[in-house]
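Shown here: structure_9.cif, mmCIF, C-alpha atoms.
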```cif
data_model
#
loop_
_atom_site.label_atom_id
_atom_site.label_comp_id
_atom_site.auth_asym_id
_atom_site.auth_seq_id
_atom_site.Cartn_x
_atom_site.Cartn_y
_atom_site.Cartn_z
CA MET F 1 8.77 126.42 -86.73
CA ILE F 2 7.75 129.50 -84.76
CA SER F 3 10.20 131.43 -82.63
CA ASP F 4 10.05 131.71 -78.82
CA ALA F 5 9.00 135.32 -79.18
CA GLU F 6 6.07 134.35 -81.43
CA PHE F 7 5.10 131.48 -79.12
CA TYR F 8 5.13 133.62 -75.99
CA ALA F 9 3.18 136.40 -77.67
CA GLY F 10 0.15 134.22 -76.88
CA LYS F 11 -1.17 133.46 -73.41
CA TYR F 12 0.74 130.94 -71.35
CA ILE F 13 1.23 129.29 -67.94
CA SER F 14 4.81 129.55 -66.69
CA LEU F 15 6.03 126.80 -64.32
CA GLY F 16 9.06 127.52 -62.15
CA ASN F 17 11.84 130.00 -62.76
CA THR F 18 11.44 130.36 -66.52
CA SER F 19 12.98 133.29 -68.33
CA TYR F 20 9.50 134.78 -68.69
CA ALA F 21 8.93 134.62 -64.94
CA LYS F 22 12.06 136.56 -63.97
CA ASP F 23 10.06 139.60 -62.86
CA ILE F 24 7.61 137.51 -60.83
CA SER F 25 8.90 137.08 -57.29
CA GLY F 26 8.70 133.69 -55.65
CA SER F 27 10.41 134.86 -52.46
CA ALA F 28 7.17 134.78 -50.45
CA ALA F 29 7.06 130.99 -50.90
CA GLU F 30 8.76 129.00 -48.15
CA ASN F 31 10.00 125.41 -48.12
CA ASP F 32 7.81 123.60 -50.69
CA GLY F 33 5.16 126.31 -50.77
CA TYR F 34 4.29 128.23 -53.89
CA VAL F 35 3.23 131.51 -55.46
CA ILE F 36 0.51 131.70 -58.12
CA LYS F 37 0.17 135.04 -59.85
CA SER F 38 -1.58 136.29 -62.96
CA GLU F 39 -0.12 139.14 -64.96
CA GLY F 40 -0.91 140.32 -68.45
CA GLY F 41 -3.34 137.47 -68.90
CA ASN F 42 -0.62 134.92 -68.15
CA ILE F 43 -0.29 132.68 -65.10
CA PHE F 44 2.93 132.11 -63.18
CA ILE F 45 3.50 129.29 -60.68
CA LYS F 46 6.78 129.58 -58.76
CA SER F 47 8.49 128.21 -55.67
CA SER F 48 11.15 129.79 -53.50
CA GLN F 49 14.19 127.80 -54.64
CA THR F 50 15.90 127.18 -57.95
CA VAL F 51 14.23 124.62 -60.16
CA THR F 52 17.17 122.23 -59.81
CA ALA F 53 16.48 121.65 -56.10
CA ASP F 54 14.13 118.89 -54.98
CA THR F 55 12.21 121.27 -52.76
CA ALA F 56 11.71 123.67 -55.66
CA VAL F 57 10.42 120.87 -57.85
CA ASP F 58 8.07 119.93 -55.02
CA GLY F 59 6.99 123.55 -54.68
CA VAL F 60 6.14 123.88 -58.37
CA ILE F 61 4.30 120.55 -58.35
CA ASN F 62 2.37 121.66 -55.27
CA GLY F 63 1.55 124.89 -57.08
CA ILE F 64 0.20 123.01 -60.09
CA TYR F 65 -2.10 120.91 -57.91
CA GLY F 66 -2.94 123.93 -55.78
CA PHE F 67 -3.99 125.84 -58.89
CA ALA F 68 -6.16 122.91 -60.02
CA GLU F 69 -7.75 122.47 -56.59
CA ASP F 70 -8.00 125.92 -55.02
CA ILE F 71 -8.73 127.90 -58.18
CA LEU F 72 -10.29 125.47 -60.65
CA GLY F 73 -12.26 123.42 -58.09
CA CYS F 74 -10.68 120.00 -58.61
CA MET F 75 -10.46 117.57 -55.69
CA PHE F 76 -7.91 114.76 -55.37
CA VAL F 77 -9.86 112.66 -52.92
CA ARG F 78 -8.63 109.14 -53.65
CA ASP F 79 -5.64 107.34 -55.04
CA ASP F 80 -7.82 106.03 -57.88
CA TYR F 81 -10.17 108.97 -58.51
CA ASP F 82 -9.80 112.71 -59.11
CA TYR F 83 -12.83 115.00 -59.21
CA ILE F 84 -12.46 117.28 -62.23
CA PRO F 85 -15.41 119.67 -62.80
CA TYR F 86 -16.42 120.22 -66.40
CA ALA F 87 -16.79 123.72 -67.85
CA PRO F 88 -16.46 124.66 -71.52
CA THR F 89 -14.93 128.00 -70.56
CA VAL F 90 -13.10 129.05 -67.38
CA TYR F 91 -13.09 132.69 -66.31
CA LEU F 92 -10.51 133.70 -63.71
CA ASP F 93 -10.21 136.79 -61.56
CA ASP F 94 -6.77 138.26 -60.97
CA ILE F 95 -4.65 135.83 -58.97
CA ASP F 96 -2.08 136.76 -56.35
CA LEU F 97 -1.82 133.73 -54.11
CA VAL F 98 0.87 132.59 -51.68
CA SER F 99 0.46 129.19 -50.06
CA ASN F 100 2.99 127.80 -47.58
CA PRO F 101 2.73 124.63 -45.50
CA ASP F 102 2.34 124.80 -41.74
CA PHE F 103 4.65 121.79 -41.44
CA VAL F 104 7.87 121.51 -43.44
CA TRP F 105 7.92 117.70 -43.74
CA ARG F 106 4.64 115.81 -44.04
CA ARG F 107 3.98 112.15 -44.62
CA ILE F 108 0.76 110.13 -44.50
CA TYR F 109 2.10 106.59 -44.18
CA GLN F 110 -0.90 104.78 -45.64
CA TYR F 111 -1.16 102.13 -48.36
CA GLU F 112 -3.45 104.21 -50.56
CA VAL F 113 -1.28 107.33 -50.35
CA SER F 114 1.64 105.52 -51.94
CA GLN F 115 -0.45 104.37 -54.93
CA ASN F 116 -0.62 106.16 -58.30
CA ASP F 117 1.42 109.12 -57.05
CA TRP F 118 -1.51 110.24 -54.88
CA SER F 119 1.01 111.54 -52.32
CA LYS F 120 1.98 114.31 -54.76
CA ARG F 121 -1.59 115.40 -55.37
CA ILE F 122 -2.28 115.76 -51.62
CA LYS F 123 1.15 117.36 -51.00
CA SER F 124 2.43 114.58 -48.76
CA ASN F 125 6.03 115.54 -49.48
CA GLY F 126 7.65 112.95 -47.21
CA THR F 127 6.86 110.02 -49.49
CA GLY F 128 9.95 108.82 -51.36
CA GLU F 129 11.96 105.77 -52.32
CA LYS F 130 13.45 103.10 -50.07
CA SER F 131 17.22 103.03 -49.67
CA ASP F 132 19.74 100.42 -48.61
CA ILE F 133 20.63 102.23 -45.37
CA GLY F 134 17.33 101.61 -43.65
CA ASN F 135 15.14 104.40 -45.01
CA ASP F 136 11.62 103.06 -45.56
CA GLY F 137 10.65 105.39 -48.38
CA ASN F 138 10.93 108.69 -46.51
CA LYS F 139 11.96 111.53 -48.81
CA TYR F 140 14.89 113.76 -47.77
CA TRP F 141 16.04 111.20 -45.15
CA GLY F 142 19.23 109.20 -44.97
CA THR F 143 19.09 106.87 -41.98
CA TRP F 144 15.58 106.67 -40.56
CA CYS F 145 15.15 105.18 -37.05
CA HIS F 146 16.54 102.55 -34.61
CA SER F 147 19.87 103.17 -36.29
CA VAL F 148 22.66 103.18 -33.67
CA PHE F 149 24.05 99.82 -34.75
CA LYS F 150 24.30 101.10 -38.33
CA PHE F 151 26.91 103.55 -37.04
CA VAL F 152 28.77 101.27 -34.61
CA ASP F 153 28.29 97.88 -36.21
CA PRO F 154 28.56 94.99 -33.71
CA GLU F 155 29.86 92.70 -36.44
CA ILE F 156 32.86 95.02 -36.78
CA TYR F 157 33.46 96.19 -33.22
CA PHE F 158 31.93 93.91 -30.60
CA GLU F 159 34.64 91.25 -30.47
CA SER F 160 37.47 93.77 -30.07
CA HIS F 161 35.56 96.47 -28.18
CA PRO F 162 32.66 95.03 -26.17
CA GLU F 163 32.81 98.18 -24.01
CA TYR F 164 31.10 100.09 -26.84
CA TYR F 165 27.89 98.22 -26.09
CA ALA F 166 25.43 98.01 -23.23
CA LEU F 167 26.38 96.51 -19.90
CA ILE F 168 23.40 94.44 -18.75
CA ASP F 169 23.40 92.14 -15.73
CA GLY F 170 27.17 92.38 -15.45
CA ASN F 171 28.04 91.59 -19.09
CA ARG F 172 28.54 93.62 -22.25
CA ARG F 173 25.85 92.53 -24.69
CA ILE F 174 24.60 93.19 -28.20
CA GLU F 175 21.64 90.87 -27.74
CA TYR F 176 19.41 90.22 -24.74
CA ASN F 177 16.19 88.23 -24.46
CA GLY F 178 16.02 87.90 -28.22
CA ASN F 179 16.46 91.64 -28.89
CA THR F 180 19.35 93.87 -29.85
CA THR F 181 20.61 96.01 -26.99
CA GLN F 182 21.99 99.56 -27.15
CA LEU F 183 25.28 101.39 -27.32
CA CYS F 184 27.07 102.67 -24.25
CA PHE F 185 26.53 106.35 -25.03
CA THR F 186 28.95 107.59 -22.35
CA ASN F 187 31.92 105.77 -23.90
CA SER F 188 33.78 108.63 -25.58
CA ASP F 189 35.58 106.31 -27.98
CA ILE F 190 32.41 105.69 -29.99
CA TYR F 191 31.95 109.31 -31.07
CA PRO F 192 34.75 109.39 -33.70
CA ILE F 193 33.34 106.17 -35.18
CA ILE F 194 29.83 107.66 -35.36
CA GLU F 195 31.06 110.90 -36.93
CA ALA F 196 33.17 109.09 -39.53
CA LYS F 197 30.28 106.79 -40.45
CA LEU F 198 27.89 109.72 -40.83
CA ALA F 199 30.40 111.48 -43.09
CA GLU F 200 30.57 108.30 -45.18
CA PHE F 201 26.77 108.09 -45.41
CA ILE F 202 26.47 111.77 -46.38
CA ALA F 203 29.07 111.35 -49.11
CA GLU F 204 26.99 108.48 -50.51
CA TYR F 205 23.63 110.30 -50.15
CA PRO F 206 24.50 114.03 -50.30
CA ASP F 207 20.94 115.17 -51.01
CA ALA F 208 19.51 113.72 -47.78
CA LYS F 209 18.71 116.52 -45.34
CA TYR F 210 17.82 114.48 -42.24
CA TRP F 211 20.08 111.91 -40.57
CA ASP F 212 18.87 109.72 -37.72
CA PHE F 213 20.95 108.38 -34.85
CA SER F 214 18.49 106.77 -32.46
CA ILE F 215 18.08 103.88 -30.05
CA ASN F 216 17.10 100.38 -31.05
CA ASP F 217 13.50 99.40 -30.42
CA ASN F 218 13.78 98.26 -26.79
CA ASN F 219 14.62 99.33 -23.24
CA PHE F 220 17.88 97.36 -22.88
CA TYR F 221 20.03 100.41 -22.10
CA CYS F 222 23.53 100.38 -20.66
CA GLN F 223 23.79 99.97 -16.87
CA CYS F 224 27.46 100.87 -16.48
CA ASP F 225 28.60 103.33 -13.80
CA GLU F 226 29.21 106.16 -16.29
CA CYS F 227 25.75 105.81 -17.82
CA GLU F 228 24.22 105.83 -14.34
CA LYS F 229 26.18 109.00 -13.52
CA SER F 230 24.84 110.60 -16.70
CA TYR F 231 21.32 109.64 -15.66
CA GLU F 232 21.84 111.26 -12.26
CA LYS F 233 23.27 114.39 -13.91
CA TYR F 234 20.48 114.89 -16.44
CA GLY F 235 17.53 113.14 -14.83
CA SER F 236 17.06 111.37 -18.16
CA ARG F 237 18.77 108.57 -20.06
CA ALA F 238 18.61 110.79 -23.13
CA GLY F 239 21.29 113.13 -21.79
CA ALA F 240 24.36 111.28 -23.12
CA LEU F 241 22.56 110.69 -26.42
CA ILE F 242 21.81 114.41 -26.89
CA GLU F 243 25.46 115.20 -26.15
CA ILE F 244 26.40 113.06 -29.15
CA LEU F 245 23.72 114.66 -31.33
CA ASN F 246 24.86 118.16 -30.46
CA LYS F 247 28.44 117.29 -31.49
CA LEU F 248 27.21 115.85 -34.78
CA ALA F 249 25.02 118.90 -35.37
CA LYS F 250 28.02 121.21 -35.00
CA LYS F 251 30.10 119.03 -37.31
CA PHE F 252 27.40 118.87 -40.01
CA PRO F 253 25.61 122.24 -39.74
CA ASP F 254 23.85 121.92 -43.12
CA LYS F 255 22.06 118.70 -42.06
CA TYR F 256 19.38 117.95 -39.49
CA ILE F 257 20.64 115.43 -36.94
CA SER F 258 17.71 113.47 -35.58
CA THR F 259 16.88 111.06 -32.77
CA LEU F 260 13.88 109.42 -31.14
CA ALA F 261 12.34 110.63 -27.89
CA TYR F 262 10.94 107.19 -27.28
CA MET F 263 10.83 104.56 -24.56
CA TYR F 264 13.78 105.25 -22.21
CA THR F 265 14.88 108.41 -24.11
CA LYS F 266 11.49 110.14 -23.99
CA ASP F 267 12.27 112.45 -21.05
CA VAL F 268 13.97 115.81 -21.62
CA PRO F 269 17.46 116.02 -20.02
CA GLU F 270 17.84 118.77 -17.45
CA GLY F 271 20.26 121.59 -18.24
CA ILE F 272 20.86 120.75 -21.88
CA VAL F 273 19.66 122.58 -25.01
CA CYS F 274 19.64 121.10 -28.50
CA GLU F 275 21.66 122.68 -31.28
CA LYS F 276 19.64 124.56 -33.91
CA ASN F 277 19.82 121.68 -36.39
CA VAL F 278 18.96 118.87 -33.98
CA ASN F 279 15.62 117.21 -34.73
CA ILE F 280 13.73 115.36 -31.97
CA VAL F 281 11.24 112.70 -33.08
CA ILE F 282 8.53 112.35 -30.45
CA ALA F 283 6.76 109.02 -30.71
CA PRO F 284 4.00 108.90 -28.06
CA ILE F 285 3.07 105.33 -28.95
CA GLU F 286 0.56 104.98 -26.11
CA THR F 287 -1.14 108.32 -26.59
CA SER F 288 -4.90 108.68 -26.92
CA GLN F 289 -6.94 109.15 -30.08
CA LEU F 290 -10.00 109.85 -27.93
CA TYR F 291 -8.56 113.02 -26.38
CA SER F 292 -6.16 115.41 -28.08
CA SER F 293 -2.70 116.39 -26.90
CA LYS F 294 -3.84 120.00 -27.07
CA TYR F 295 -5.94 119.66 -23.92
CA GLY F 296 -4.54 116.51 -22.29
CA ASP F 297 -7.88 115.45 -20.86
CA ASN F 298 -6.88 111.88 -20.08
CA GLU F 299 -3.67 110.33 -18.80
CA ALA F 300 -2.30 109.26 -22.17
CA SER F 301 -2.97 112.55 -23.95
CA ALA F 302 -1.64 114.49 -20.95
CA GLU F 303 1.62 112.56 -21.19
CA ALA F 304 1.92 113.33 -24.91
CA LYS F 305 1.15 117.01 -24.23
CA LYS F 306 3.89 117.18 -21.60
CA MET F 307 6.46 115.47 -23.84
CA ILE F 308 5.83 117.90 -26.70
CA GLU F 309 5.84 120.99 -24.48
CA ASP F 310 8.97 119.88 -22.59
CA TRP F 311 10.96 119.12 -25.75
CA SER F 312 9.68 122.30 -27.40
CA ALA F 313 11.35 124.30 -24.63
CA VAL F 314 14.81 122.94 -25.54
CA CYS F 315 14.59 122.12 -29.26
CA ASP F 316 13.60 124.18 -32.30
CA ASN F 317 12.77 121.20 -34.53
CA LEU F 318 10.25 118.66 -33.35
CA PHE F 319 8.86 115.77 -35.36
CA VAL F 320 5.73 113.93 -34.22
CA TRP F 321 5.31 110.28 -35.14
CA ASP F 322 1.60 109.75 -34.65
CA TYR F 323 -0.53 106.61 -34.89
CA VAL F 324 -3.88 107.43 -36.47
CA VAL F 325 -5.72 104.13 -37.00
CA ASP F 326 -6.85 101.27 -34.79
CA PHE F 327 -4.16 98.72 -35.56
CA LYS F 328 -5.97 95.95 -33.68
CA ASN F 329 -9.25 96.49 -35.58
CA LEU F 330 -8.51 98.15 -38.91
CA LEU F 331 -12.11 97.96 -40.15
CA MET F 332 -13.82 99.25 -37.01
CA PRO F 333 -14.96 102.91 -36.91
CA TYR F 334 -12.25 105.15 -35.50
CA PRO F 335 -13.67 108.70 -35.33
CA ASN F 336 -10.55 110.73 -34.53
CA PHE F 337 -10.99 113.58 -37.04
CA ALA F 338 -11.64 116.26 -34.38
CA VAL F 339 -8.76 115.01 -32.23
CA GLN F 340 -6.36 115.24 -35.15
CA LYS F 341 -7.55 118.75 -35.92
CA ASP F 342 -6.76 119.83 -32.35
CA ASN F 343 -3.44 117.99 -32.43
CA ALA F 344 -2.33 119.76 -35.62
CA GLU F 345 -3.02 123.16 -34.04
CA PHE F 346 -1.13 122.13 -30.90
CA TYR F 347 1.84 120.86 -32.88
CA LYS F 348 2.13 124.10 -34.81
CA GLU F 349 2.27 126.07 -31.55
CA ASN F 350 5.12 123.94 -30.16
CA ASN F 351 8.01 123.86 -32.67
CA VAL F 352 6.73 120.79 -34.50
CA ARG F 353 8.01 121.11 -38.07
CA SER F 354 7.48 117.55 -39.28
CA VAL F 355 4.63 115.05 -38.88
CA PHE F 356 4.52 111.35 -39.73
CA HIS F 357 0.95 110.03 -39.57
CA GLN F 358 1.21 106.26 -39.44
CA GLY F 359 -1.82 104.53 -40.84
CA SER F 360 -2.21 101.05 -42.25
CA ARG F 361 0.26 99.40 -44.60
CA GLU F 362 -2.59 97.13 -45.70
CA LYS F 363 -5.15 98.14 -48.29
CA GLY F 364 -8.64 99.30 -47.38
CA ASP F 365 -8.79 100.06 -43.67
CA GLU F 366 -11.67 102.12 -42.25
CA LEU F 367 -12.16 105.37 -44.24
CA ALA F 368 -8.55 105.17 -45.38
CA CYS F 369 -8.84 107.66 -48.23
CA MET F 370 -11.01 110.14 -46.36
CA ARG F 371 -8.72 110.10 -43.33
CA SER F 372 -5.59 110.50 -45.47
CA TYR F 373 -7.11 113.39 -47.43
CA LEU F 374 -8.21 115.23 -44.29
CA LEU F 375 -4.89 114.71 -42.54
CA ALA F 376 -2.95 115.94 -45.56
CA LYS F 377 -5.11 119.07 -45.74
CA GLN F 378 -4.51 119.81 -42.06
CA LEU F 379 -0.75 119.33 -42.36
CA TRP F 380 -0.66 121.95 -45.08
CA ASN F 381 -3.04 124.32 -43.29
CA THR F 382 -4.08 123.79 -39.67
CA ASP F 383 -6.96 126.25 -40.20
CA THR F 384 -8.66 123.79 -42.54
CA ASP F 385 -12.37 123.50 -41.72
CA VAL F 386 -12.74 119.74 -41.38
CA ASN F 387 -16.52 119.79 -41.21
CA ALA F 388 -16.79 121.92 -44.33
CA LEU F 389 -14.40 119.58 -46.14
CA LEU F 390 -16.40 116.54 -45.07
CA GLY F 391 -19.54 118.19 -46.43
CA LYS F 392 -18.14 118.57 -49.95
#
```

Reformat the file's structure so that it appears as structure tokens.
Amino acid sequence: MISDAEFYAGKYISLGNTSYAKDISGSAAENDGYVIKSEGGNIFIKSSQTVTADTAVDGVINGIYGFAEDILGCMFVRDDYDYIPYAPTVYLDDIDLVSNPDFVWRRIYQYEVSQNDWSKRIKSNGTGEKSDIGNDGNKYWGTWCHSVFKFVDPEIYFESHPEYYALIDGNRRIEYNGNTTQLCFTNSDIYPIIEAKLAEFIAEYPDAKYWDFSINDNNFYCQCDECEKSYEKYGSRAGALIEILNKLAKKFPDKYISTLAYMYTKDVPEGIVCEKNVNIVIAPIETSQLYSSKYGDNEASAEAKKMIEDWSAVCDNLFVWDYVVDFKNLLMPYPNFAVQKDNAEFYKENNVRSVFHQGSREKGDELACMRSYLLAKQLWNTDTDVNALLGK
């Protein structure tokens, strides 16, 4: 058996913070970005964090695929096919490369992306495993969305404290017209329950960075006098909700506390600023894929543009939940590549740090692999030349 010294006397590729990479700085890498450097005929691929952290593992994995793609000319264009050029000998110039993503959290929610670990090869770092607290396979997340009843469970509290829940048409309700309702966000007694439940969740899932506390998927908000006063104060029904989020953000400063700007909470409250670790998920469900949010050239895209700009003025961490396929006609042509290019540039300019591109959960919609590949490229680098990439 040869010694380490004899082994490393040859040429090698070092992955992560190995003992032989101690003099190679990875500090220029951010989040799950990476550094690739050649020195003394050896190649070093490093990330910014220690190798025990998930983000560091992601950074090193991204660096491996970045080395294969950007330097060796490979292309990971499908879930079931990788283009690997053949060459008997590879000659490399000196390498000193830093590559960081334009968006910290990136997920292409598409059937093909979740197959055969393709998400890793296209650096879609938001793809993870499902959990039993409502997270639909989103990496780094605890609770995901429409989660308020997970914190103040009606089965536990409604009978003894109906005042915790929405007043609708004169009665406290947890269900209305076949849908769940909402919490009464102005009832101060619910905050200690929410905080204690979040602490319990975090203890169970300590590695989750993002925790969602957001409205159920309907407009059945509380109509009580205090909630109406809050609406008058803030000019938005999101005001009382953001008050709760800001308290949680102060209590758990090492986590991102997230909520949906969606339906009746989409408008920015007047006179309130989000804490530094509050995350606002903007879900412009009726926005246009014909015109980009960057220019707002029709009514729908103008509304999305205003939402993003307004929330950007009061929050440092925005998350866009975008809908990138024609859900009514999954096989019909849907040429939104240029719109998505403009959108990515606009997001980057307006505090958007995370993007969730929702495609089809079903296999084989129109240009599924091409669209996923292009979107992933743009989420890593908004300067990506889409036309050049299409021509490859």

Practice problem: Specify as a PyMOL selection string each residue included when the PyMOL selection byres ((chain F and resi 279) around 9) is applied to this file. | Solution: chain F and resi 210+212+256-260+274-278+280-281+315-319

Exercise. Any chance you could resolve the PyMOL selection byres ((chain F and resi 284) around 9) against this file and give the residues as a PyMOL selection string?
Key: chain F and resi 261-263+266+282-283+285-288+300-301+303-304+307+320-323

Considering only C-alpha atoms, return as a CSV table (one decimal) with C-alpha atoms, keeping the file's coordinate frame whatever protein or nucleic-acid residues lie within 12 Å of F:Glu243, sequence-local ones (same chain, fewer than 4 positions apart) excluded.
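Wrote part33.csv, looks like this:
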```csv
chain,number,residue,atom,x,y,z
F,185,PHE,CA,26.5,106.4,-25.0
F,186,THR,CA,29.0,107.6,-22.4
F,187,ASN,CA,31.9,105.8,-23.9
F,188,SER,CA,33.8,108.6,-25.6
F,191,TYR,CA,32.0,109.3,-31.1
F,213,PHE,CA,21.0,108.4,-34.8
F,230,SER,CA,24.8,110.6,-16.7
F,234,TYR,CA,20.5,114.9,-16.4
F,237,ARG,CA,18.8,108.6,-20.1
F,238,ALA,CA,18.6,110.8,-23.1
F,239,GLY,CA,21.3,113.1,-21.8
F,247,LYS,CA,28.4,117.3,-31.5
F,248,LEU,CA,27.2,115.8,-34.8
F,249,ALA,CA,25.0,118.9,-35.4
F,250,LYS,CA,28.0,121.2,-35.0
F,257,ILE,CA,20.6,115.4,-36.9
F,259,THR,CA,16.9,111.1,-32.8
F,269,PRO,CA,17.5,116.0,-20.0
F,271,GLY,CA,20.3,121.6,-18.2
F,272,ILE,CA,20.9,120.8,-21.9
F,273,VAL,CA,19.7,122.6,-25.0
F,274,CYS,CA,19.6,121.1,-28.5
F,275,GLU,CA,21.7,122.7,-31.3
F,278,VAL,CA,19.0,118.9,-34.0
```

Please identify all polymer residues within 12 Å of F:Gly359, counting all atoms listed in the file, omitting same-chain residues fewer than 4 positions from it, and present them as a CSV table (one decimal) with C-alpha atoms, keeping the file's coordinate frame.
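What follows is the written file out_6.csv:
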```csv
chain,number,residue,atom,x,y,z
F,107,ARG,CA,4.0,112.2,-44.6
F,108,ILE,CA,0.8,110.1,-44.5
F,109,TYR,CA,2.1,106.6,-44.2
F,110,GLN,CA,-0.9,104.8,-45.6
F,111,TYR,CA,-1.2,102.1,-48.4
F,112,GLU,CA,-3.4,104.2,-50.6
F,113,VAL,CA,-1.3,107.3,-50.4
F,114,SER,CA,1.6,105.5,-51.9
F,321,TRP,CA,5.3,110.3,-35.1
F,322,ASP,CA,1.6,109.8,-34.6
F,323,TYR,CA,-0.5,106.6,-34.9
F,324,VAL,CA,-3.9,107.4,-36.5
F,325,VAL,CA,-5.7,104.1,-37.0
F,326,ASP,CA,-6.8,101.3,-34.8
F,327,PHE,CA,-4.2,98.7,-35.6
F,328,LYS,CA,-6.0,96.0,-33.7
F,330,LEU,CA,-8.5,98.2,-38.9
F,334,TYR,CA,-12.2,105.2,-35.5
F,363,LYS,CA,-5.2,98.1,-48.3
F,364,GLY,CA,-8.6,99.3,-47.4
F,365,ASP,CA,-8.8,100.1,-43.7
F,366,GLU,CA,-11.7,102.1,-42.2
F,367,LEU,CA,-12.2,105.4,-44.2
F,368,ALA,CA,-8.6,105.2,-45.4
F,369,CYS,CA,-8.8,107.7,-48.2
F,371,ARG,CA,-8.7,110.1,-43.3
F,372,SER,CA,-5.6,110.5,-45.5
F,375,LEU,CA,-4.9,114.7,-42.5
```

Practice problem: Determine the nearest neighbour of F:Phe356 from the options F:Trp211, F:Phe337, F:Tyr205, F:Trp105, counting all atoms listed in the file. | Solution: F:Trp105

Practice problem: Excluding F:Asp132 and any residue of its chain fewer than 5 positions from it, enumerate the residues within 12 Å of it, using all atoms listed in the file, and give them as a ChimeraX atom specification. | Solution: /F:137,141-144,150,201,204-205

Self-check item: All residues 12 Å or closer to F:Phe44, only C-alpha atoms, same chain fewer than 6 positions away omitted, as a PyMOL selection string
Solution: chain F and resi 11-26+34-38+60+63-64+67+94-98

Quiz item: Separation of atom CA of F:Gly235 and atom CA of F:Leu198, in Å?
Solution: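 Computed distance, atom CA of F:Gly235 to atom CA of F:Leu198, equals 28.2 Å.
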
Self-check item: Residue nearest F:Val77 among F:Val57, F:Ala208, F:Glu232, F:Arg121 (counting only C-alpha atoms)
Solution: F:Arg121

Quiz item: Can you tell me how far atom CA of F:Ala68 sits from atom CA of F:Thr127, in Å to one decimal?
Solution: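 Going from atom CA of F:Ala68 over to atom CA of F:Thr127 covers 21.1 Å.
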
Extending 4 Å beyond the listed atoms of stretch 174-180 of chain F on each side, what axis-aligned box results? I want centre and edge lengths in Å to one decimal, as AutoDock Vina command-line options.
```
--center_x 20.3 --center_y 90.9 --center_z -27.2 --size_x 16.6 --size_y 14.0 --size_z 13.4
```

Quiz prompt | Residue among F:Glu270, F:Ser124, F:Phe252, F:Asn62 lying closest to F:Lys233, counting only C-alpha atoms | solution =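 Answer, going by the shortest atom-to-atom distance: F:Glu270.
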
Quiz item: Which residues match the PyMOL selection byres ((chain F and resi 351) around 10) in the file above, as a PyMOL selection string?
Solution: chain F and resi 103+308-309+311-319+346-350+352-354

Quiz item: How many Å lie between atom CA of F:Gly10 and atom CA of F:Asp93, rounded to one decimal?
Solution: 18.7 Å

Quiz item: For F:Asp207, which of F:Lys255, F:Arg361, F:Lys341, F:Lys306 is the closest residue, counting only C-alpha atoms?
Solution: F:Lys255

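Each of F:Glu362, F:Asp58, F:Asp254, F:Glu30 was checked against F:Lys139 using only C-alpha atoms; the smallest atom-to-atom distance is that of F:Asp58.
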
Practice problem: Please provide the set of residues having any atom within 7 Å of F:Tyr83, restricted to all atoms listed in the file, with same-chain residues fewer than 5 positions apart removed, written as a ChimeraX atom specification. | Solution: /F:74-76

Practice problem: Find, counting only C-alpha atoms, the residue in F:Ala166, F:Ile133, F:Cys224, F:Tyr91 that gets nearest to F:Glu200. | Solution: F:Ile133

Quiz item: Taking (19.3, 108.7, -27.6) in the file's coordinates, which residues come within 6 Å, counting all atoms listed in the file, written as a PyMOL selection string?
Solution: chain F and resi 214-215+238+241+265

Given the selection you just returned, output its residues as a file containing C-alpha atoms, formatted as a tab-separated table (two decimals), in the frame of the given file.
```
chain	number	residue	atom	x	y	z
F	214	SER	CA	18.49	106.77	-32.46
F	215	ILE	CA	18.08	103.88	-30.05
F	238	ALA	CA	18.61	110.79	-23.13
F	241	LEU	CA	22.56	110.69	-26.42
F	265	THR	CA	14.88	108.41	-24.11
```

Could stretch 68-73 of chain F be completed with N, CA, C and O atoms and returned as a compact mmCIF listing (two decimals), in the frame of the given file?
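Output saved as out37.txt:
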```
# COMPACT_ATOMS: atom_id res chain seq x y z
N ALA F 68 -5.03 123.75 -59.59
CA ALA F 68 -6.16 122.91 -60.02
C ALA F 68 -7.23 122.81 -58.94
O ALA F 68 -8.43 122.86 -59.22
N GLU F 69 -6.79 122.71 -57.68
CA GLU F 69 -7.75 122.47 -56.59
C GLU F 69 -8.36 123.76 -56.06
O GLU F 69 -9.58 123.90 -55.95
N ASP F 70 -7.50 124.72 -55.70
CA ASP F 70 -8.00 125.92 -55.02
C ASP F 70 -8.63 126.93 -55.97
O ASP F 70 -9.48 127.73 -55.56
N ILE F 71 -8.23 126.90 -57.23
CA ILE F 71 -8.73 127.90 -58.18
C ILE F 71 -9.70 127.30 -59.19
O ILE F 71 -10.73 127.89 -59.51
N LEU F 72 -9.42 126.08 -59.64
CA LEU F 72 -10.29 125.47 -60.65
C LEU F 72 -11.33 124.52 -60.05
O LEU F 72 -12.21 124.05 -60.77
N GLY F 73 -11.22 124.22 -58.74
CA GLY F 73 -12.26 123.42 -58.09
C GLY F 73 -12.10 121.92 -58.19
O GLY F 73 -13.03 121.17 -57.89
```
